[in-house]
Amino acid sequence: MAPQQRAKAVEKAAEARTARSALLAAVKSGTTSVAEVFGRSGEELVKKTQVVQVLRAVPGYGPARVAALMAVSGVAEKRRVGGLAKQQRERLLQALAG
């Protein structure tokens, strides 16, 4: 890569990190629900966010609880929001509600 291209890529990555942090902070504070995040799965930022990151942002859900939730719902830990099937989304939301 040319130095200019590298600088643009670094800037774009920093913007994405900032936006993703804001999204996860909204989930953590309760202003955005997991269902709302899943509903925005068409957005590029949301599409590339890992499901585990979103679930860990939910208050009361740590690594062990999220791993159990993912296993019960049949979702791989490396799955991203954009890669979830409709049934997987529904199972995760039902497990969160129950």
# chains A, B, ... in the order shown; residues from 1 in each chain; ligands from 1
$ residues_around --residues "stretch 50-65 of chain A" --least-positions-apart "6" --cutoff "8 Å" --atoms "only C-alpha atoms" --output "PyMOL selection string"
chain A and resi 24-25+27-30+34+77-81
$ select_by_dssp --residues "stretch 8-85 of chain A" --states "alpha helix (DSSP H)" --output "MDAnalysis selection string"
chainID A and resid 8:29 34:39 44:47 51:56 63:73
$ closest_residue --among "A:Gln4, A:Ser21, A:Thr49, A:Gln94" --to "A:Ala35" --atoms "only C-alpha atoms"
A:Gln94
